[in-house]
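entry_18.txt, holding compact mmCIF, C-alpha atoms:
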# COMPACT_ATOMS: atom_id res chain seq x y z
CA MET A 1 104.90 -20.89 -57.53
CA LEU A 2 103.84 -17.61 -59.12
CA SER A 3 106.46 -14.91 -58.68
CA LEU A 4 106.06 -11.21 -59.43
CA THR A 5 109.28 -9.23 -59.14
CA GLU A 6 109.18 -5.41 -59.23
CA VAL A 7 106.50 -5.39 -61.92
CA SER A 8 105.83 -2.01 -63.51
CA PHE A 9 103.45 -0.98 -66.27
CA ARG A 10 102.72 2.32 -67.99
CA TYR A 11 99.86 3.36 -70.25
CA ASN A 12 100.20 6.51 -72.36
CA LYS A 13 103.16 7.56 -70.20
CA ARG A 14 101.00 7.22 -67.05
CA THR A 15 102.34 4.78 -64.46
CA VAL A 16 99.62 2.22 -63.68
CA LEU A 17 101.72 -0.18 -61.60
CA ASN A 18 105.04 0.55 -59.93
CA ASN A 19 107.41 -2.10 -58.50
CA VAL A 20 104.77 -4.65 -57.52
CA SER A 21 106.18 -7.87 -56.06
CA ALA A 22 104.43 -10.97 -54.70
CA ARG A 23 104.67 -14.75 -54.46
CA VAL A 24 101.81 -17.24 -54.54
CA ASN A 25 102.30 -20.93 -53.84
CA SER A 26 100.17 -23.72 -55.27
CA GLY A 27 96.89 -23.95 -53.40
CA ASP A 28 97.21 -20.46 -51.93
CA CYS A 29 95.08 -17.41 -52.66
CA LEU A 30 96.35 -13.85 -53.05
CA ALA A 31 93.58 -11.25 -52.82
CA ILE A 32 94.31 -7.89 -54.45
CA VAL A 33 92.19 -5.02 -53.17
CA GLY A 34 92.11 -1.31 -53.80
CA GLU A 35 89.97 1.47 -55.19
CA SER A 36 88.77 1.42 -58.80
CA GLY A 37 91.69 2.41 -60.99
CA SER A 38 94.33 1.23 -58.52
CA GLY A 39 95.71 -1.35 -60.98
CA LYS A 40 94.04 -4.60 -59.85
CA SER A 41 92.67 -5.70 -63.24
CA THR A 42 95.81 -4.53 -65.03
CA LEU A 43 97.91 -6.75 -62.78
CA LEU A 44 95.76 -9.79 -63.60
CA LYS A 45 96.11 -9.09 -67.34
CA LEU A 46 99.87 -8.87 -66.99
CA ILE A 47 99.99 -12.18 -65.10
CA PHE A 48 97.88 -13.79 -67.84
CA GLY A 49 100.23 -12.47 -70.51
CA GLN A 50 97.57 -10.32 -72.13
CA MET A 51 99.90 -7.30 -71.92
CA ASP A 52 103.67 -6.84 -71.64
CA VAL A 53 105.33 -5.56 -68.47
CA ASP A 54 107.40 -2.39 -68.79
CA GLY A 55 109.68 -3.43 -65.96
CA GLY A 56 110.30 -6.41 -63.72
CA SER A 57 109.27 -10.00 -64.39
CA ILE A 58 106.49 -12.56 -63.87
CA THR A 59 107.24 -16.27 -63.65
CA TRP A 60 105.41 -19.50 -62.91
CA ASN A 61 107.63 -22.27 -61.52
CA ASP A 62 110.65 -20.19 -62.59
CA LYS A 63 109.49 -20.03 -66.23
CA PRO A 64 108.74 -16.54 -67.60
CA ILE A 65 105.16 -15.63 -68.45
CA LEU A 66 105.42 -13.92 -71.82
CA GLY A 67 103.21 -11.18 -73.22
CA PRO A 68 102.13 -10.48 -76.82
CA LYS A 69 105.56 -9.16 -77.84
CA ASN A 70 107.00 -12.65 -77.40
CA LYS A 71 103.96 -14.93 -77.65
CA LEU A 72 101.59 -14.91 -80.60
CA VAL A 73 98.66 -16.55 -78.80
CA VAL A 74 97.63 -14.91 -75.51
CA GLY A 75 97.34 -17.16 -72.47
CA HIS A 76 98.86 -20.37 -71.14
CA ASP A 77 97.47 -23.89 -70.78
CA PHE A 78 98.21 -24.03 -67.05
CA MET A 79 96.36 -20.80 -66.31
CA LYS A 80 92.74 -19.63 -66.60
CA TYR A 81 91.47 -16.07 -66.36
CA VAL A 82 87.87 -15.20 -65.50
CA ALA A 83 87.41 -11.55 -66.44
CA GLN A 84 84.42 -9.30 -65.80
CA GLU A 85 83.45 -9.76 -69.45
CA PHE A 86 82.43 -13.41 -69.77
CA ASP A 87 83.95 -15.37 -72.66
CA LEU A 88 81.00 -17.70 -73.28
CA MET A 89 79.18 -19.20 -76.26
CA PRO A 90 75.66 -17.71 -75.98
CA TYR A 91 73.87 -20.06 -78.36
CA THR A 92 74.96 -23.31 -76.73
CA SER A 93 73.93 -24.89 -73.45
CA VAL A 94 75.46 -24.54 -70.01
CA SER A 95 76.88 -28.06 -70.22
CA GLU A 96 78.37 -27.45 -73.65
CA ASN A 97 80.06 -24.25 -72.47
CA ILE A 98 81.59 -25.93 -69.44
CA GLY A 99 82.78 -28.97 -71.39
CA ASP A 100 83.91 -27.08 -74.48
CA HIS A 101 87.63 -27.74 -73.99
CA LEU A 102 87.30 -31.27 -72.57
CA SER A 103 88.18 -34.21 -74.79
CA ASN A 104 85.36 -36.04 -76.58
CA PHE A 105 87.45 -39.22 -76.62
CA TYR A 106 86.34 -39.88 -73.03
CA PRO A 107 82.62 -39.03 -73.04
CA GLU A 108 81.83 -40.55 -69.64
CA GLU A 109 84.68 -38.72 -67.93
CA LYS A 110 83.64 -35.51 -69.66
CA LYS A 111 80.05 -35.91 -68.51
CA GLU A 112 81.13 -36.61 -64.93
CA ARG A 113 83.43 -33.60 -64.94
CA VAL A 114 80.73 -31.26 -66.22
CA THR A 115 78.24 -32.62 -63.67
CA GLU A 116 80.76 -32.10 -60.86
CA LEU A 117 81.37 -28.47 -61.82
CA ILE A 118 77.68 -27.71 -62.27
CA LYS A 119 77.26 -28.71 -58.63
CA VAL A 120 80.21 -26.54 -57.56
CA VAL A 121 78.61 -23.43 -59.12
CA GLU A 122 75.06 -24.47 -58.13
CA LEU A 123 73.48 -24.59 -61.60
CA GLU A 124 71.67 -27.91 -61.29
CA GLY A 125 68.61 -27.86 -63.52
CA PHE A 126 70.16 -25.48 -66.05
CA GLU A 127 72.38 -28.04 -67.81
CA GLN A 128 70.54 -27.76 -71.16
CA THR A 129 69.65 -24.06 -70.94
CA LYS A 130 71.29 -21.89 -73.58
CA VAL A 131 73.59 -19.29 -72.08
CA GLN A 132 71.82 -16.42 -73.84
CA PHE A 133 68.80 -17.01 -71.61
CA LEU A 134 70.74 -16.86 -68.32
CA SER A 135 71.00 -13.91 -65.96
CA GLY A 136 74.28 -12.08 -65.46
CA GLY A 137 74.95 -13.94 -62.23
CA GLN A 138 74.26 -17.32 -63.83
CA LYS A 139 76.61 -16.48 -66.72
CA GLN A 140 79.30 -15.62 -64.20
CA ARG A 141 78.87 -19.02 -62.59
CA VAL A 142 79.16 -20.73 -66.00
CA ALA A 143 82.37 -18.78 -66.65
CA LEU A 144 83.81 -20.00 -63.33
CA ALA A 145 82.94 -23.64 -64.06
CA ARG A 146 84.28 -23.37 -67.62
CA ALA A 147 87.61 -22.04 -66.32
CA LEU A 148 87.89 -24.88 -63.80
CA ALA A 149 87.05 -27.60 -66.31
CA LYS A 150 90.62 -28.47 -67.35
CA ARG A 151 92.03 -28.28 -63.82
CA PRO A 152 94.34 -25.29 -64.24
CA GLU A 153 97.33 -24.80 -61.97
CA ILE A 154 96.46 -21.17 -61.37
CA MET A 155 93.21 -19.20 -61.54
CA LEU A 156 92.99 -15.44 -62.08
CA LEU A 157 89.65 -14.07 -60.89
CA ASP A 158 88.51 -10.50 -61.51
CA GLU A 159 85.54 -9.71 -59.24
CA PRO A 160 84.28 -13.31 -59.66
CA PHE A 161 81.07 -12.90 -57.63
CA SER A 162 80.15 -9.31 -58.55
CA HIS A 163 77.08 -10.27 -60.62
CA ILE A 164 75.79 -12.89 -58.20
CA ASP A 165 72.96 -12.02 -55.84
CA ASN A 166 73.23 -12.45 -52.09
CA PHE A 167 70.88 -15.43 -52.10
CA LYS A 168 73.58 -17.52 -53.83
CA LYS A 169 76.81 -15.67 -53.17
CA GLN A 170 77.71 -17.06 -49.75
CA THR A 171 77.48 -20.77 -50.56
CA LEU A 172 78.94 -20.30 -54.04
CA ARG A 173 81.95 -18.47 -52.62
CA ARG A 174 82.60 -21.33 -50.18
CA ASN A 175 82.19 -23.95 -52.93
CA VAL A 176 84.63 -22.27 -55.31
CA PHE A 177 87.38 -21.51 -52.80
CA ASP A 178 87.06 -24.95 -51.19
CA TYR A 179 87.44 -26.49 -54.65
CA LEU A 180 90.55 -24.42 -55.39
CA LYS A 181 92.16 -25.31 -52.05
CA THR A 182 91.26 -29.02 -52.26
CA ASN A 183 92.68 -29.29 -55.78
CA ASN A 184 95.83 -27.30 -54.92
CA ILE A 185 95.06 -24.57 -57.47
CA ALA A 186 96.77 -21.23 -56.89
CA CYS A 187 94.50 -18.20 -57.10
CA VAL A 188 94.98 -14.48 -57.64
CA LEU A 189 91.78 -12.60 -56.93
CA ALA A 190 90.93 -8.95 -57.59
CA THR A 191 87.99 -7.91 -55.43
CA HIS A 192 86.10 -5.12 -53.68
CA ASP A 193 84.39 -7.56 -51.31
CA LYS A 194 85.92 -8.15 -47.88
CA GLU A 195 84.04 -11.47 -47.63
CA ASP A 196 86.21 -12.80 -50.49
CA VAL A 197 89.28 -11.90 -48.47
CA LEU A 198 88.80 -12.54 -44.75
CA SER A 199 87.76 -16.19 -44.89
CA PHE A 200 89.56 -17.41 -48.01
CA ALA A 201 92.73 -15.43 -48.83
CA ASP A 202 96.15 -16.53 -47.58
CA GLN A 203 97.62 -13.15 -48.48
CA MET A 204 96.11 -9.73 -49.02
CA MET A 205 97.73 -7.04 -51.15
CA VAL A 206 96.40 -3.49 -50.95
CA LEU A 207 97.11 -1.35 -54.01
CA HIS A 208 96.86 2.43 -54.01
CA ASN A 209 97.66 4.43 -57.16
CA GLY A 210 99.55 1.46 -58.55
CA THR A 211 101.83 0.89 -55.57
CA ILE A 212 101.57 -1.59 -52.70
CA LEU A 213 100.42 -0.15 -49.38
CA VAL A 214 100.76 -3.46 -47.57
CA THR A 215 100.94 -7.21 -48.19
CA ASP A 216 100.25 -9.58 -45.31
CA HIS A 217 97.81 -12.16 -43.99
CA PRO A 218 94.27 -10.66 -43.96
CA SER A 219 93.93 -11.12 -40.20
CA SER A 220 97.09 -9.09 -39.55
CA ILE A 221 95.99 -6.26 -41.85
CA TYR A 222 92.48 -6.25 -40.39
CA SER A 223 93.74 -6.20 -36.80
CA ASN A 224 96.10 -3.29 -37.31
CA PRO A 225 95.08 -1.04 -40.23
CA GLN A 226 97.68 1.63 -40.97
CA HIS A 227 95.88 3.60 -43.68
CA PRO A 228 92.32 4.98 -44.10
CA LEU A 229 91.91 2.98 -47.32
CA VAL A 230 92.68 -0.26 -45.49
CA ALA A 231 90.31 0.43 -42.61
CA ALA A 232 87.53 1.54 -44.96
CA PHE A 233 87.82 -1.70 -46.96
CA PHE A 234 86.87 -3.78 -43.93
CA SER A 235 84.26 -1.71 -42.15
CA GLU A 236 82.98 1.64 -40.91
CA TYR A 237 85.79 3.23 -38.94
CA SER A 238 86.85 6.31 -37.00
CA GLN A 239 90.28 7.89 -36.74
CA ILE A 240 90.88 9.07 -33.18
CA ASN A 241 94.20 10.36 -31.84
CA GLY A 242 96.02 9.01 -34.89
CA SER A 243 94.66 5.45 -34.58
CA PHE A 244 91.93 3.64 -36.49
CA TYR A 245 88.97 2.04 -34.70
CA TYR A 246 86.22 -0.01 -36.31
CA ALA A 247 82.68 0.84 -35.25
CA HIS A 248 82.39 -2.29 -33.09
CA GLN A 249 85.55 -1.26 -31.18
CA ILE A 250 83.91 1.87 -29.77
CA SER A 251 81.31 1.52 -27.03
CA ILE A 252 79.27 3.67 -24.67
CA VAL A 253 80.28 3.79 -21.00
CA GLU A 254 78.87 5.67 -18.04
CA GLU A 255 81.76 8.13 -17.83
CA SER A 256 84.94 8.90 -19.79
CA THR A 257 86.92 11.84 -21.10
CA LEU A 258 85.68 11.14 -24.64
CA LYS A 259 82.39 13.00 -25.05
CA ALA A 260 80.47 12.79 -28.32
CA VAL A 261 77.19 14.25 -29.55
CA VAL A 262 74.88 11.79 -31.30
CA LYS A 263 73.94 12.81 -34.85
CA ARG A 264 72.25 9.91 -36.67
CA ASN A 265 71.07 6.31 -36.19
CA PHE A 266 71.22 3.64 -38.91
CA TYR A 267 69.41 0.34 -38.39
CA LYS A 268 71.62 -2.68 -39.21
CA GLY A 269 69.36 -5.55 -38.19
CA ASP A 270 70.98 -6.79 -34.99
CA SER A 271 72.21 -3.34 -33.95
CA PHE A 272 72.39 0.35 -34.86
CA LEU A 273 75.28 2.23 -36.37
CA ILE A 274 75.53 5.55 -34.58
CA THR A 275 77.30 8.57 -36.07
CA ALA A 276 78.44 11.26 -33.64
CA ASP A 277 80.58 14.38 -33.31
CA LEU A 278 83.70 14.03 -31.14
CA ASN A 279 85.29 17.44 -30.75
CA GLY A 280 84.66 18.25 -34.39
CA THR A 281 85.57 14.78 -35.66
CA ASN A 282 82.95 12.46 -37.10
CA VAL A 283 82.98 9.06 -35.38
CA CYS A 284 80.79 6.00 -35.69
CA PHE A 285 80.08 3.17 -33.28
CA VAL A 286 77.71 0.28 -32.79
CA ASN A 287 74.97 0.19 -30.18
CA ALA A 288 72.22 -2.30 -29.41
CA SER A 289 69.52 0.37 -29.59
CA ALA A 290 68.97 3.73 -31.25
CA LEU A 291 70.05 6.86 -29.38
CA LYS A 292 68.30 10.21 -29.24
CA GLU A 293 69.91 12.77 -31.52
CA ASN A 294 71.98 15.51 -29.85
CA THR A 295 72.45 13.34 -26.75
CA VAL A 296 75.94 13.55 -25.23
CA VAL A 297 77.50 10.13 -24.63
CA SER A 298 80.77 8.93 -23.10
CA LEU A 299 82.83 6.58 -25.29
CA LYS A 300 85.40 3.88 -24.65
CA LEU A 301 87.97 2.75 -27.23
CA GLY A 302 89.06 -0.86 -27.41
CA ARG A 303 90.50 -3.47 -29.75

Can I see the file as structure tokens?
Amino acid sequence: MLSLTEVSFRYNKRTVLNNVSARVNSGDCLAIVGESGSGKSTLLKLIFGQMDVDGGSITWNDKPILGPKNKLVVGHDFMKYVAQEFDLMPYTSVSENIGDHLSNFYPEEKKERVTELIKVVELEGFEQTKVQFLSGGQKQRVALARALAKRPEIMLLDEPFSHIDNFKKQTLRRNVFDYLKTNNIACVLATHDKEDVLSFADQMMVLHNGTILVTDHPSSIYSNPQHPLVAAFFSEYSQINGSFYYAHQISIVEESTLKAVVKRNFYKGDSFLITADLNGTNVCFVNASALKENTVVSLKLGR
């Protein structure tokens, strides 16, 4: 189990993280979300031992994870970290990058392992392509496979699908998280993408200015957002009478006390997102068809 206990970190006297605590069991995924600069990447670097904590502690199976003050070589054999800057060998092939740390004493096992991971990250046909000729998204997939090669006990992923286009992202995301769960690999994931969180995370931690707003199961946080930052992470929302409502939770009815004036229509494929003025407050809701601007509509709130 990964345990973070009241972890704090300062940079140039500025507090980046303040009393952050969490626990992640083997096979579970903790998703860390928050605005840019909230401390997500810093927390991953502290877990990896790339920097020293200023307060609190980080342990894996009750053994302390040490930083550079106490450990000459950064990192640990049981842990892999996939950062936004890919640590790859550009002048060697995809297969060579993935199998770089696998033993050459067992060539058949090494070949099978590399082939397995190439399928996980959907790079069939690129086995002999040199990394320097790959796109950013393809390099990110090589970095993921390379990190998985030695079957780590814990994976740290910093925006792992940010460079990957939508044509590949959905299936790749399922492949990677299914692999982690099946192989009982713990995962700590920093992300801006709700799709990484809702279907795959066992816990969700929301950071704001280096402190935890909430930690809970994603479904609980989604169902009852208590902060504008939380609601905005998941979807378009409106704050009405002190409560948060996602756009799909507001609908048009024939008559109600909530009267809004339609302002704009935004086509979303299967529906339209409508923005409107409700007594001076901007609200948004979903409707099957576009509405004429300046039309007054009656709204119903529901969850």

Nearest residue to Thr275 in chain A out of A:Tyr237, A:Tyr91, A:Phe244, A:Phe86, using all atoms listed in the file?
A:Tyr237

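Counting all atoms listed in the file, the residue from A:Glu6, A:Asp87, A:Asp54, A:Glu116 that sits nearest to Tyr179 in chain A is A:Glu116.
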
Å distance separating CA of Val114 in chain A from CA of Gly99 in chain A, one decimal place
6.0 Å

Using all atoms listed in the file, which of the listed residues (A:Lys259, A:Arg23, A:His192, A:Lys111) sits closest to Ser38 in chain A?
A:His192

Nearest to Asn241 in chain A by atom-to-atom distance, counting all atoms listed in the file, from A:Val283, A:Lys181, A:Arg146, A:Trp60:
A:Val283

Choose the residue, out of A:Val94, A:Phe161, A:Ile212, A:Asp277, that has the smallest atom-to-atom separation from Ser8 in chain A; count only C-alpha atoms.
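Going through A:Val94, A:Phe161, A:Ile212, A:Asp277 one by one, the smallest distance to Ser8 in chain A is for A:Ile212.
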
Would you kindly return, as a list in words, each protein, DNA or RNA residue with an atom no farther than 10 Å from any atom of Phe177 in chain A, considering all atoms listed in the file and excluding same-chain residues fewer than 3 positions away?
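After dropping sequence-adjacent residues, the list is Gly27, Asp28, Cys29, Val120, Leu172, Arg173, Arg174, Leu180, Lys181, Thr182, Asn183, Ile185, Cys187, Asp196, Ser199, Phe200 and Ala201 of chain A.
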
Residue nearest Ala145 in chain A - candidates A:Tyr81, A:Phe48, A:Tyr222, A:Tyr106, atoms counted: all atoms listed in the file:
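Among the listed residues, A:Tyr81 lies closest to Ala145 in chain A.
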
Would you pick out the contacts of Leu46 in chain A at 10 Å or less, using only C-alpha atoms, so that residues sharing its chain but fewer than 2 positions from it are not included, and give the list as number ranges by chain?
A: 7-9, 41-44, 48-53, 57-58, 65-67

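Take CA of Lys300 in chain A and CA of Asn279 in chain A: the distance between them is 14.9 Å.
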
Residues at most 7 Å from Val206 in chain A, counting only C-alpha atoms, excluding those fewer than 2 positions away in the same chain, as a PDB file with C-alpha atoms, in the coordinates of the input?
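Wrote selection26.pdb, looks like this:
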ATOM      1  CA  ILE A  32      94.310  -7.890 -54.450  1.00  0.00           C
ATOM      2  CA  VAL A  33      92.190  -5.020 -53.170  1.00  0.00           C
ATOM      3  CA  GLY A  34      92.110  -1.310 -53.800  1.00  0.00           C
ATOM      4  CA  MET A 204      96.110  -9.730 -49.020  1.00  0.00           C
ATOM      5  CA  HIS A 208      96.860   2.430 -54.010  1.00  0.00           C
ATOM      6  CA  ILE A 212     101.570  -1.590 -52.700  1.00  0.00           C
ATOM      7  CA  LEU A 213     100.420  -0.150 -49.380  1.00  0.00           C
ATOM      8  CA  VAL A 214     100.760  -3.460 -47.570  1.00  0.00           C
ATOM      9  CA  THR A 215     100.940  -7.210 -48.190  1.00  0.00           C
TER      10      THR A 215
END

Pick out the residues sitting within 12 Å of Glu112 in chain A, and hand them over as a count of residues only; count only C-alpha atoms, and ignore anything fewer than 4 positions along from it in its own chain.
12

Can you report as lines of an AutoDock Vina configuration file the centre and edge lengths in Å, to one decimal, of an axis-aligned box around the listed atoms of range 163-181 of chain A padded with 4 Å on each side?
center_x = 81.5
center_y = -18.4
center_z = -55.2
size_x = 29.3
size_y = 24.2
size_z = 18.9

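Relative to CA of Ser223 in chain A, CA of Thr281 in chain A is found at 22.5 Å.
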
Only N, CA, C and O atoms, as a PDB file, in the first residue's frame: that is what I want for range 237-252 of chain A.
ATOM      1  N   TYR A 237     -21.826  23.679 -15.911  1.00  0.00           N
ATOM      2  CA  TYR A 237     -22.698  23.674 -14.736  1.00  0.00           C
ATOM      3  C   TYR A 237     -23.271  25.070 -14.496  1.00  0.00           C
ATOM      4  O   TYR A 237     -22.789  26.073 -15.032  1.00  0.00           O
ATOM      5  N   SER A 238     -24.281  25.118 -13.651  1.00  0.00           N
ATOM      6  CA  SER A 238     -24.861  26.373 -13.189  1.00  0.00           C
ATOM      7  C   SER A 238     -24.986  26.318 -11.676  1.00  0.00           C
ATOM      8  O   SER A 238     -25.240  25.247 -11.116  1.00  0.00           O
ATOM      9  N   GLN A 239     -24.801  27.457 -11.031  1.00  0.00           N
ATOM     10  CA  GLN A 239     -24.990  27.537  -9.591  1.00  0.00           C
ATOM     11  C   GLN A 239     -26.264  28.324  -9.325  1.00  0.00           C
ATOM     12  O   GLN A 239     -26.349  29.515  -9.621  1.00  0.00           O
ATOM     13  N   ILE A 240     -27.263  27.630  -8.805  1.00  0.00           N
ATOM     14  CA  ILE A 240     -28.591  28.219  -8.590  1.00  0.00           C
ATOM     15  C   ILE A 240     -29.006  27.983  -7.140  1.00  0.00           C
ATOM     16  O   ILE A 240     -29.008  26.841  -6.661  1.00  0.00           O
ATOM     17  N   ASN A 241     -29.332  29.057  -6.455  1.00  0.00           N
ATOM     18  CA  ASN A 241     -29.765  28.985  -5.053  1.00  0.00           C
ATOM     19  C   ASN A 241     -28.774  28.215  -4.176  1.00  0.00           C
ATOM     20  O   ASN A 241     -29.150  27.431  -3.305  1.00  0.00           O
ATOM     21  N   GLY A 242     -27.471  28.424  -4.463  1.00  0.00           N
ATOM     22  CA  GLY A 242     -26.439  27.819  -3.636  1.00  0.00           C
ATOM     23  C   GLY A 242     -26.089  26.390  -3.979  1.00  0.00           C
ATOM     24  O   GLY A 242     -25.191  25.813  -3.362  1.00  0.00           O
ATOM     25  N   SER A 243     -26.753  25.786  -4.955  1.00  0.00           N
ATOM     26  CA  SER A 243     -26.473  24.411  -5.364  1.00  0.00           C
ATOM     27  C   SER A 243     -25.948  24.375  -6.793  1.00  0.00           C
ATOM     28  O   SER A 243     -26.218  25.274  -7.586  1.00  0.00           O
ATOM     29  N   PHE A 244     -25.205  23.299  -7.091  1.00  0.00           N
ATOM     30  CA  PHE A 244     -24.631  23.137  -8.424  1.00  0.00           C
ATOM     31  C   PHE A 244     -25.474  22.155  -9.233  1.00  0.00           C
ATOM     32  O   PHE A 244     -25.841  21.084  -8.736  1.00  0.00           O
ATOM     33  N   TYR A 245     -25.730  22.526 -10.498  1.00  0.00           N
ATOM     34  CA  TYR A 245     -26.488  21.663 -11.404  1.00  0.00           C
ATOM     35  C   TYR A 245     -25.734  21.561 -12.722  1.00  0.00           C
ATOM     36  O   TYR A 245     -25.352  22.581 -13.311  1.00  0.00           O
ATOM     37  N   TYR A 246     -25.497  20.315 -13.166  1.00  0.00           N
ATOM     38  CA  TYR A 246     -24.917  20.117 -14.484  1.00  0.00           C
ATOM     39  C   TYR A 246     -25.954  20.475 -15.544  1.00  0.00           C
ATOM     40  O   TYR A 246     -27.168  20.466 -15.282  1.00  0.00           O
ATOM     41  N   ALA A 247     -25.470  20.758 -16.748  1.00  0.00           N
ATOM     42  CA  ALA A 247     -26.369  21.207 -17.813  1.00  0.00           C
ATOM     43  C   ALA A 247     -27.480  20.201 -18.093  1.00  0.00           C
ATOM     44  O   ALA A 247     -28.623  20.588 -18.372  1.00  0.00           O
ATOM     45  N   HIS A 248     -27.169  18.913 -18.003  1.00  0.00           N
ATOM     46  CA  HIS A 248     -28.196  17.898 -18.300  1.00  0.00           C
ATOM     47  C   HIS A 248     -29.229  17.767 -17.177  1.00  0.00           C
ATOM     48  O   HIS A 248     -30.233  17.067 -17.336  1.00  0.00           O
ATOM     49  N   GLN A 249     -28.986  18.432 -16.031  1.00  0.00           N
ATOM     50  CA  GLN A 249     -29.922  18.356 -14.911  1.00  0.00           C
ATOM     51  C   GLN A 249     -30.923  19.510 -14.912  1.00  0.00           C
ATOM     52  O   GLN A 249     -31.732  19.616 -13.998  1.00  0.00           O
ATOM     53  N   ILE A 250     -30.858  20.345 -15.925  1.00  0.00           N
ATOM     54  CA  ILE A 250     -31.802  21.452 -16.065  1.00  0.00           C
ATOM     55  C   ILE A 250     -32.583  21.247 -17.357  1.00  0.00           C
ATOM     56  O   ILE A 250     -31.988  21.016 -18.421  1.00  0.00           O
ATOM     57  N   SER A 251     -33.883  21.318 -17.291  1.00  0.00           N
ATOM     58  CA  SER A 251     -34.703  21.065 -18.477  1.00  0.00           C
ATOM     59  C   SER A 251     -35.814  22.112 -18.600  1.00  0.00           C
ATOM     60  O   SER A 251     -36.167  22.795 -17.634  1.00  0.00           O
ATOM     61  N   ILE A 252     -36.354  22.196 -19.802  1.00  0.00           N
ATOM     62  CA  ILE A 252     -37.457  23.124 -20.071  1.00  0.00           C
ATOM     63  C   ILE A 252     -38.786  22.444 -19.741  1.00  0.00           C
ATOM     64  O   ILE A 252     -39.008  21.282 -20.084  1.00  0.00           O
TER      65      ILE A 252
END
